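Notes to accompany the following structure.
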Amino acid sequence: MLDAGIVILNWNTCDLLQRCLETVLASEGDFTYKVVVVDNASSDGSAEMVRQHFPQVELIASEVNGGYPYGNNLGLKALGFHGAGQIDADAPRYAVLLNPDTEVPPDAFFRMIEYMDARPEIGVAGPKLVLEDGSLDLACRRAFPTPLVSLYRFSGLSKLFPHHPQFGRYNMTFADPDRELEVDSVVGAYMQVRREAIDAVGLLDETFFMYGEDLDWAYRIKTAGWKVFYYPSVVIRHIKRAASRKSQKAQFEFNRAMLIFYRKHYRTTTPLWLHTLVLTGLLLKGGTQLLPEIRKPA
């Protein structure tokens, strides 16, 4: 059984993917791993680059861009994860979702595995992600977007009072970025998930296209009794949104993802006044393009 199965989902980020793979394959430490690259129908020669320069990597060249959870699920299935209670005997002890616009230090995977091995209650963990300018990628430690947390975000209270433990929950801006912290979710740019947690809840929800699926996975894993932790002793560079910023669908899909997440996990327990505020906020943020999604039956 391998220690880690690393899934890298790519869409038209050939140069960044090449650099990412160079850093991944330079990993050091006493652990075993396999890398699966899933290319979501890129048009920039990404798949050809992987075939030519990284023959040791398993490549899945999807003929369609089915979205982030769709592509990652292809990689997870190739590693032996097929759904809740459907895991191959030789599937890795950990699955790692990794964005192609990341660069990992040589000891990153080994130290993350050591960390989770020492904490069997943790089902999901993520490292500290820093942007090109060295600042913290705020998405690497998050609270679930409950109606109230989302209200603080949309109203601007989270920006006005970033250090307030209630108003600053969206990105945990009240907490020291160099302190280990139990969180609701880490980000799919680097998300390390225990085999047993996947066995309990299954794969990513393909109702999402991009955004929200990592939050949803963490939500389901936490509901199943596991903990989620942010581990800042490991630091990874993240070139934020290198792929998604090329897509005109990105902003629409972000707002759509928040709508899906809200309906899936909070709608039935949200009072009418707050439900109305949530939908109004999403409509103001997403514009008329989101209106057909809001009108769909929940």
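Identifiers for the structure tokens are assigned positionally: chains receive A, B, ... in sequence, residues are indexed from 1 per chain, and ligands are indexed from 1 in the order shown.
When the distance limit is 9 Å and only C-alpha atoms are what count, the residues near A:Glu132, minus those fewer than 2 positions from it on the same chain, are Val130, Gly134, Ser135, Arg237, His238, Ile239 and Lys240 of chain A.
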Restricting the output to N, CA and C atoms, write the selected residues as a PDB file, in the first residue's frame.
```pdb
ATOM      1  N   VAL A 130       1.166  30.162   0.566  1.00  0.00           N
ATOM      2  CA  VAL A 130       1.522  31.572   0.406  1.00  0.00           C
ATOM      3  C   VAL A 130       1.490  31.939  -1.071  1.00  0.00           C
ATOM      4  N   GLY A 134       4.374  36.419  -1.112  1.00  0.00           N
ATOM      5  CA  GLY A 134       4.702  35.945   0.224  1.00  0.00           C
ATOM      6  C   GLY A 134       3.578  36.053   1.229  1.00  0.00           C
ATOM      7  N   SER A 135       2.463  36.659   0.838  1.00  0.00           N
ATOM      8  CA  SER A 135       1.336  36.799   1.753  1.00  0.00           C
ATOM      9  C   SER A 135       0.552  35.487   1.836  1.00  0.00           C
ATOM     10  N   ARG A 237       3.992  27.191  -1.990  1.00  0.00           N
ATOM     11  CA  ARG A 237       3.750  28.378  -2.826  1.00  0.00           C
ATOM     12  C   ARG A 237       2.569  28.120  -3.756  1.00  0.00           C
ATOM     13  N   HIS A 238       1.669  29.106  -3.843  1.00  0.00           N
ATOM     14  CA  HIS A 238       0.469  28.960  -4.656  1.00  0.00           C
ATOM     15  C   HIS A 238       0.298  30.178  -5.554  1.00  0.00           C
ATOM     16  N   ILE A 239       0.325  29.935  -6.853  1.00  0.00           N
ATOM     17  CA  ILE A 239       0.080  31.010  -7.820  1.00  0.00           C
ATOM     18  C   ILE A 239      -1.423  31.046  -8.047  1.00  0.00           C
ATOM     19  N   LYS A 240      -2.080  31.895  -7.321  1.00  0.00           N
ATOM     20  CA  LYS A 240      -3.528  31.846  -7.148  1.00  0.00           C
ATOM     21  C   LYS A 240      -4.304  31.995  -8.443  1.00  0.00           C
TER      22      LYS A 240
END
```
Once DSSP has gone over the backbone, tell me which residues of stretch 103-275 of chain A are in strand (DSSP E or B), as an mmCIF file with N, CA and C atoms, in the first residue's frame.
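Now in part.cif:
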```cif
data_model
loop_
_atom_site.group_PDB
_atom_site.id
_atom_site.type_symbol
_atom_site.label_atom_id
_atom_site.label_comp_id
_atom_site.auth_asym_id
_atom_site.auth_seq_id
_atom_site.Cartn_x
_atom_site.Cartn_y
_atom_site.Cartn_z
ATOM 1 N N GLU A 103 3.915 24.940 -5.917
ATOM 2 C CA GLU A 103 5.280 24.418 -5.875
ATOM 3 C C GLU A 103 5.523 23.922 -4.456
ATOM 4 N N ILE A 122 -7.475 13.058 12.726
ATOM 5 C CA ILE A 122 -7.564 14.021 11.628
ATOM 6 C C ILE A 122 -7.893 13.301 10.325
ATOM 7 N N GLY A 123 -8.987 13.718 9.705
ATOM 8 C CA GLY A 123 -9.376 13.132 8.422
ATOM 9 C C GLY A 123 -8.869 13.927 7.242
ATOM 10 N N VAL A 124 -8.695 15.257 7.444
ATOM 11 C CA VAL A 124 -8.232 16.157 6.386
ATOM 12 C C VAL A 124 -7.233 17.134 6.983
ATOM 13 N N ALA A 125 -6.169 17.398 6.250
ATOM 14 C CA ALA A 125 -5.205 18.418 6.681
ATOM 15 C C ALA A 125 -4.694 19.172 5.465
ATOM 16 N N GLY A 126 -4.286 20.396 5.719
ATOM 17 C CA GLY A 126 -3.700 21.216 4.665
ATOM 18 C C GLY A 126 -2.586 22.063 5.226
ATOM 19 N N PRO A 127 -1.586 22.409 4.420
ATOM 20 C CA PRO A 127 -0.471 23.228 4.868
ATOM 21 C C PRO A 127 -0.784 24.714 4.744
ATOM 22 N N LYS A 128 0.182 25.516 5.088
ATOM 23 C CA LYS A 128 0.105 26.956 4.864
ATOM 24 C C LYS A 128 0.422 27.224 3.392
ATOM 25 N N LEU A 129 -0.435 27.938 2.707
ATOM 26 C CA LEU A 129 -0.197 28.326 1.323
ATOM 27 C C LEU A 129 0.112 29.816 1.267
ATOM 28 N N VAL A 130 1.166 30.162 0.566
ATOM 29 C CA VAL A 130 1.522 31.572 0.406
ATOM 30 C C VAL A 130 1.490 31.939 -1.071
ATOM 31 N N LEU A 136 -0.221 35.369 2.889
ATOM 32 C CA LEU A 136 -1.009 34.168 3.109
ATOM 33 C C LEU A 136 -2.145 34.054 2.092
ATOM 34 N N ARG A 142 -10.394 27.813 6.457
ATOM 35 C CA ARG A 142 -11.694 28.445 6.267
ATOM 36 C C ARG A 142 -12.752 27.904 7.227
ATOM 37 N N LEU A 181 -4.192 24.954 13.678
ATOM 38 C CA LEU A 181 -5.560 25.341 14.002
ATOM 39 C C LEU A 181 -6.551 24.320 13.461
ATOM 40 N N GLU A 182 -7.502 23.938 14.313
ATOM 41 C CA GLU A 182 -8.616 23.143 13.808
ATOM 42 C C GLU A 182 -9.555 24.074 13.061
ATOM 43 N N SER A 185 -12.478 23.760 7.009
ATOM 44 C CA SER A 185 -11.983 23.234 5.741
ATOM 45 C C SER A 185 -10.638 23.847 5.392
ATOM 46 N N TYR A 190 -4.211 22.204 -1.954
ATOM 47 C CA TYR A 190 -3.507 21.107 -1.278
ATOM 48 C C TYR A 190 -4.431 20.601 -0.176
ATOM 49 N N MET A 191 -4.988 19.454 -0.415
ATOM 50 C CA MET A 191 -5.936 18.867 0.526
ATOM 51 C C MET A 191 -5.562 17.400 0.700
ATOM 52 N N GLN A 192 -5.104 17.043 1.883
ATOM 53 C CA GLN A 192 -4.664 15.671 2.152
ATOM 54 C C GLN A 192 -5.745 14.968 2.968
ATOM 55 N N VAL A 193 -6.241 13.855 2.447
ATOM 56 C CA VAL A 193 -7.407 13.187 3.017
ATOM 57 C C VAL A 193 -7.062 11.740 3.352
ATOM 58 N N ARG A 194 -7.436 11.336 4.543
ATOM 59 C CA ARG A 194 -7.170 9.978 5.014
ATOM 60 C C ARG A 194 -8.051 8.975 4.273
ATOM 61 N N LYS A 227 -11.723 15.153 12.189
ATOM 62 C CA LYS A 227 -11.304 16.541 12.383
ATOM 63 C C LYS A 227 -10.566 17.048 11.133
ATOM 64 N N VAL A 228 -10.577 18.363 10.945
ATOM 65 C CA VAL A 228 -9.872 19.011 9.845
ATOM 66 C C VAL A 228 -8.900 20.018 10.461
ATOM 67 N N PHE A 229 -7.627 19.947 10.024
ATOM 68 C CA PHE A 229 -6.615 20.809 10.625
ATOM 69 C C PHE A 229 -5.774 21.534 9.576
ATOM 70 N N TYR A 230 -5.424 22.755 9.929
ATOM 71 C CA TYR A 230 -4.476 23.595 9.192
ATOM 72 C C TYR A 230 -3.119 23.436 9.865
ATOM 73 N N TYR A 231 -2.085 23.090 9.057
ATOM 74 C CA TYR A 231 -0.762 22.783 9.607
ATOM 75 C C TYR A 231 0.279 23.702 8.967
ATOM 76 N N PRO A 232 0.562 24.849 9.576
ATOM 77 C CA PRO A 232 1.407 25.866 8.938
ATOM 78 C C PRO A 232 2.897 25.583 8.987
ATOM 79 N N SER A 233 3.313 24.506 9.628
ATOM 80 C CA SER A 233 4.747 24.179 9.641
ATOM 81 C C SER A 233 5.247 23.777 8.256
ATOM 82 N N VAL A 234 4.322 23.354 7.404
ATOM 83 C CA VAL A 234 4.643 23.073 6.003
ATOM 84 C C VAL A 234 4.108 24.238 5.172
ATOM 85 N N VAL A 235 4.953 24.812 4.333
ATOM 86 C CA VAL A 235 4.587 25.995 3.548
ATOM 87 C C VAL A 235 4.731 25.692 2.058
ATOM 88 N N ILE A 236 3.711 25.975 1.304
ATOM 89 C CA ILE A 236 3.683 25.702 -0.137
ATOM 90 C C ILE A 236 3.331 26.988 -0.888
ATOM 91 N N ARG A 237 3.992 27.191 -1.990
ATOM 92 C CA ARG A 237 3.750 28.378 -2.826
ATOM 93 C C ARG A 237 2.569 28.120 -3.756
ATOM 94 N N HIS A 238 1.669 29.106 -3.843
ATOM 95 C CA HIS A 238 0.469 28.960 -4.656
ATOM 96 C C HIS A 238 0.298 30.178 -5.554
#
```
Long-range neighbours of A:Ile221 as a list in words, 8 Å cut-off, only C-alpha atoms, 2 positions minimum in chain |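 In the requested format, the answer is Gly123, Val124, Ala197, Ile198, Ala200, Val201, Trp217, Ala218, Tyr219, Thr223, Ala224, Gly225, Trp226 and Lys227 of chain A.
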Keeping only C-alpha atoms, write the selected residues to a file as a JSON list (two decimals), in the first residue's frame.
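selection06.json written:
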```
[["chain", "number", "residue", "atom", "x", "y", "z"],
["A", 123, "GLY", "CA", -9.38, 13.13, 8.42],
["A", 124, "VAL", "CA", -8.23, 16.16, 6.39],
["A", 197, "ALA", "CA", -12.38, 9.24, 5.66],
["A", 198, "ILE", "CA", -12.91, 8.70, 1.93],
["A", 200, "ALA", "CA", -16.77, 6.78, 5.01],
["A", 201, "VAL", "CA", -18.11, 9.57, 2.78],
["A", 217, "TRP", "CA", -16.00, 17.20, 1.07],
["A", 218, "ALA", "CA", -14.67, 18.63, 4.33],
["A", 219, "TYR", "CA", -18.23, 19.15, 5.59],
["A", 223, "THR", "CA", -20.04, 15.20, 9.83],
["A", 224, "ALA", "CA", -18.70, 11.63, 9.77],
["A", 225, "GLY", "CA", -16.69, 12.41, 12.92],
["A", 226, "TRP", "CA", -13.24, 13.36, 11.61],
["A", 227, "LYS", "CA", -11.30, 16.54, 12.38]]
```
Find the spatial neighbours of stretch 160-164 of chain A, counting only C-alpha atoms, within a cut-off of 7 Å - ignore same-chain residues fewer than 3 positions away - and output them as a compact mmCIF listing (two decimals) with C-alpha atoms, in the first residue's frame.
```txt
# COMPACT_ATOMS: atom_id res chain seq x y z
CA GLY A 156 -18.29 43.76 4.55
CA LEU A 157 -18.14 43.14 8.31
CA PHE A 167 -16.98 38.49 11.94
CA GLY A 168 -13.58 37.17 10.78
CA THR A 173 -8.42 36.14 9.86
CA PHE A 174 -8.64 36.41 13.65
```
Do a neighbour search on A:Asn40 at 10 Å with only C-alpha atoms, toss out local chain neighbours closer than 3 positions, and write the hits as a PyMOL selection string.
-> chain A and resi 9-12+37+43+46-47+60-68+70-72
Quick one: of A:Gly80, A:Gly5, A:Pro100, A:Pro106, who's nearest to A:Asp39, counting only C-alpha atoms?
->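 Looking only at the distances to A:Asp39, the closest residue turns out to be A:Pro100.
Across the structure, atom CA of A:Gly83 and atom CA of A:Asp199 are spaced 6.7 Å apart.
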Have a look at A:Val186, A:Val38, A:Leu2, A:Leu79 and name the one nearest to A:Leu59; count only C-alpha atoms.
-> A:Val38
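One distance worth recording is that between atom CA of A:Thr280 and atom CA of A:Met172, which is 24.7 Å.
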Residue list (alpha helix (DSSP H), DSSP) for stretch 113-228 of chain A, as a count of residues only | 37
At what distance in Å, to one decimal, does atom CA of A:Phe254 lie from atom CA of A:Asp44?
-> 24.4 Å
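If you count only C-alpha atoms and ignore residues fewer than 6 places along the chain from A:Tyr211, what sits within 12 Å of it is Gly67, Tyr68, Pro69, Ala139, Val187, Gly188, Ala189, Leu204, Asp205, Trp217, Arg241, Ser244, Lys249, Ala250, Gln251, Phe252, Glu253, Phe254, Asn255, Arg256, Ala257, Met258, Leu259, Ile260 and Phe261 of chain A.
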Those same residues, written as a PDB file, in the first residue's frame with N, CA and C atoms?
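And here is the file that came out, result.pdb:
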```
ATOM      1  N   GLY A  67     -15.113  19.666 -15.171  1.00  0.00           N
ATOM      2  CA  GLY A  67     -15.059  20.426 -13.941  1.00  0.00           C
ATOM      3  C   GLY A  67     -14.065  19.865 -12.941  1.00  0.00           C
ATOM      4  N   TYR A  68     -13.912  20.581 -11.838  1.00  0.00           N
ATOM      5  CA  TYR A  68     -12.907  20.239 -10.828  1.00  0.00           C
ATOM      6  C   TYR A  68     -13.210  18.917 -10.119  1.00  0.00           C
ATOM      7  N   PRO A  69     -14.399  18.718  -9.573  1.00  0.00           N
ATOM      8  CA  PRO A  69     -14.646  17.435  -8.905  1.00  0.00           C
ATOM      9  C   PRO A  69     -14.656  16.258  -9.870  1.00  0.00           C
ATOM     10  N   ALA A 139      -7.529  31.387   1.641  1.00  0.00           N
ATOM     11  CA  ALA A 139      -8.419  30.244   1.461  1.00  0.00           C
ATOM     12  C   ALA A 139      -7.886  28.963   2.087  1.00  0.00           C
ATOM     13  N   VAL A 187      -8.111  24.154   1.679  1.00  0.00           N
ATOM     14  CA  VAL A 187      -8.428  24.402   0.275  1.00  0.00           C
ATOM     15  C   VAL A 187      -7.955  23.249  -0.607  1.00  0.00           C
ATOM     16  N   GLY A 188      -8.675  23.029  -1.705  1.00  0.00           N
ATOM     17  CA  GLY A 188      -8.341  21.942  -2.617  1.00  0.00           C
ATOM     18  C   GLY A 188      -7.036  22.114  -3.359  1.00  0.00           C
ATOM     19  N   ALA A 189      -6.400  23.274  -3.242  1.00  0.00           N
ATOM     20  CA  ALA A 189      -5.079  23.448  -3.849  1.00  0.00           C
ATOM     21  C   ALA A 189      -4.058  22.510  -3.230  1.00  0.00           C
ATOM     22  N   LEU A 204     -15.709  13.349  -4.315  1.00  0.00           N
ATOM     23  CA  LEU A 204     -16.191  14.719  -4.463  1.00  0.00           C
ATOM     24  C   LEU A 204     -17.555  14.742  -5.153  1.00  0.00           C
ATOM     25  N   ASP A 205     -18.369  15.709  -4.804  1.00  0.00           N
ATOM     26  CA  ASP A 205     -19.703  15.854  -5.363  1.00  0.00           C
ATOM     27  C   ASP A 205     -19.614  16.572  -6.704  1.00  0.00           C
ATOM     28  N   TRP A 217     -16.694  18.434   0.652  1.00  0.00           N
ATOM     29  CA  TRP A 217     -16.005  17.204   1.068  1.00  0.00           C
ATOM     30  C   TRP A 217     -15.618  17.292   2.534  1.00  0.00           C
ATOM     31  N   ARG A 241      -5.230  31.063  -8.644  1.00  0.00           N
ATOM     32  CA  ARG A 241      -6.196  31.129  -9.740  1.00  0.00           C
ATOM     33  C   ARG A 241      -5.541  31.213 -11.108  1.00  0.00           C
ATOM     34  N   SER A 244      -8.198  29.178 -13.140  1.00  0.00           N
ATOM     35  CA  SER A 244      -9.581  29.644 -13.136  1.00  0.00           C
ATOM     36  C   SER A 244      -9.736  31.049 -13.672  1.00  0.00           C
ATOM     37  N   LYS A 249     -16.271  31.499 -16.841  1.00  0.00           N
ATOM     38  CA  LYS A 249     -17.283  30.905 -15.968  1.00  0.00           C
ATOM     39  C   LYS A 249     -16.914  31.016 -14.492  1.00  0.00           C
ATOM     40  N   ALA A 250     -15.693  31.444 -14.191  1.00  0.00           N
ATOM     41  CA  ALA A 250     -15.182  31.328 -12.824  1.00  0.00           C
ATOM     42  C   ALA A 250     -16.070  32.020 -11.795  1.00  0.00           C
ATOM     43  N   GLN A 251     -16.393  33.291 -12.008  1.00  0.00           N
ATOM     44  CA  GLN A 251     -17.170  34.014 -11.013  1.00  0.00           C
ATOM     45  C   GLN A 251     -18.573  33.453 -10.892  1.00  0.00           C
ATOM     46  N   PHE A 252     -19.165  33.097 -12.046  1.00  0.00           N
ATOM     47  CA  PHE A 252     -20.491  32.480 -12.013  1.00  0.00           C
ATOM     48  C   PHE A 252     -20.467  31.187 -11.215  1.00  0.00           C
ATOM     49  N   GLU A 253     -19.449  30.352 -11.455  1.00  0.00           N
ATOM     50  CA  GLU A 253     -19.385  29.066 -10.775  1.00  0.00           C
ATOM     51  C   GLU A 253     -19.117  29.220  -9.281  1.00  0.00           C
ATOM     52  N   PHE A 254     -18.384  30.269  -8.893  1.00  0.00           N
ATOM     53  CA  PHE A 254     -18.182  30.518  -7.461  1.00  0.00           C
ATOM     54  C   PHE A 254     -19.518  30.780  -6.770  1.00  0.00           C
ATOM     55  N   ASN A 255     -20.310  31.669  -7.354  1.00  0.00           N
ATOM     56  CA  ASN A 255     -21.603  31.991  -6.758  1.00  0.00           C
ATOM     57  C   ASN A 255     -22.566  30.813  -6.834  1.00  0.00           C
ATOM     58  N   ARG A 256     -22.513  30.096  -7.930  1.00  0.00           N
ATOM     59  CA  ARG A 256     -23.353  28.895  -8.058  1.00  0.00           C
ATOM     60  C   ARG A 256     -22.963  27.869  -7.004  1.00  0.00           C
ATOM     61  N   ALA A 257     -21.668  27.719  -6.759  1.00  0.00           N
ATOM     62  CA  ALA A 257     -21.199  26.766  -5.754  1.00  0.00           C
ATOM     63  C   ALA A 257     -21.716  27.120  -4.366  1.00  0.00           C
ATOM     64  N   MET A 258     -21.701  28.420  -4.038  1.00  0.00           N
ATOM     65  CA  MET A 258     -22.209  28.830  -2.739  1.00  0.00           C
ATOM     66  C   MET A 258     -23.710  28.543  -2.613  1.00  0.00           C
ATOM     67  N   LEU A 259     -24.436  28.699  -3.715  1.00  0.00           N
ATOM     68  CA  LEU A 259     -25.860  28.383  -3.720  1.00  0.00           C
ATOM     69  C   LEU A 259     -26.086  26.887  -3.509  1.00  0.00           C
ATOM     70  N   ILE A 260     -25.309  26.060  -4.206  1.00  0.00           N
ATOM     71  CA  ILE A 260     -25.434  24.606  -4.061  1.00  0.00           C
ATOM     72  C   ILE A 260     -25.115  24.190  -2.629  1.00  0.00           C
ATOM     73  N   PHE A 261     -24.022  24.726  -2.087  1.00  0.00           N
ATOM     74  CA  PHE A 261     -23.601  24.363  -0.735  1.00  0.00           C
ATOM     75  C   PHE A 261     -24.679  24.772   0.281  1.00  0.00           C
TER      76      PHE A 261
END
```
Nearest candidate to A:Leu215 (options A:Arg153, A:His265, A:Arg119, A:Lys77; using only C-alpha atoms) | A:His265
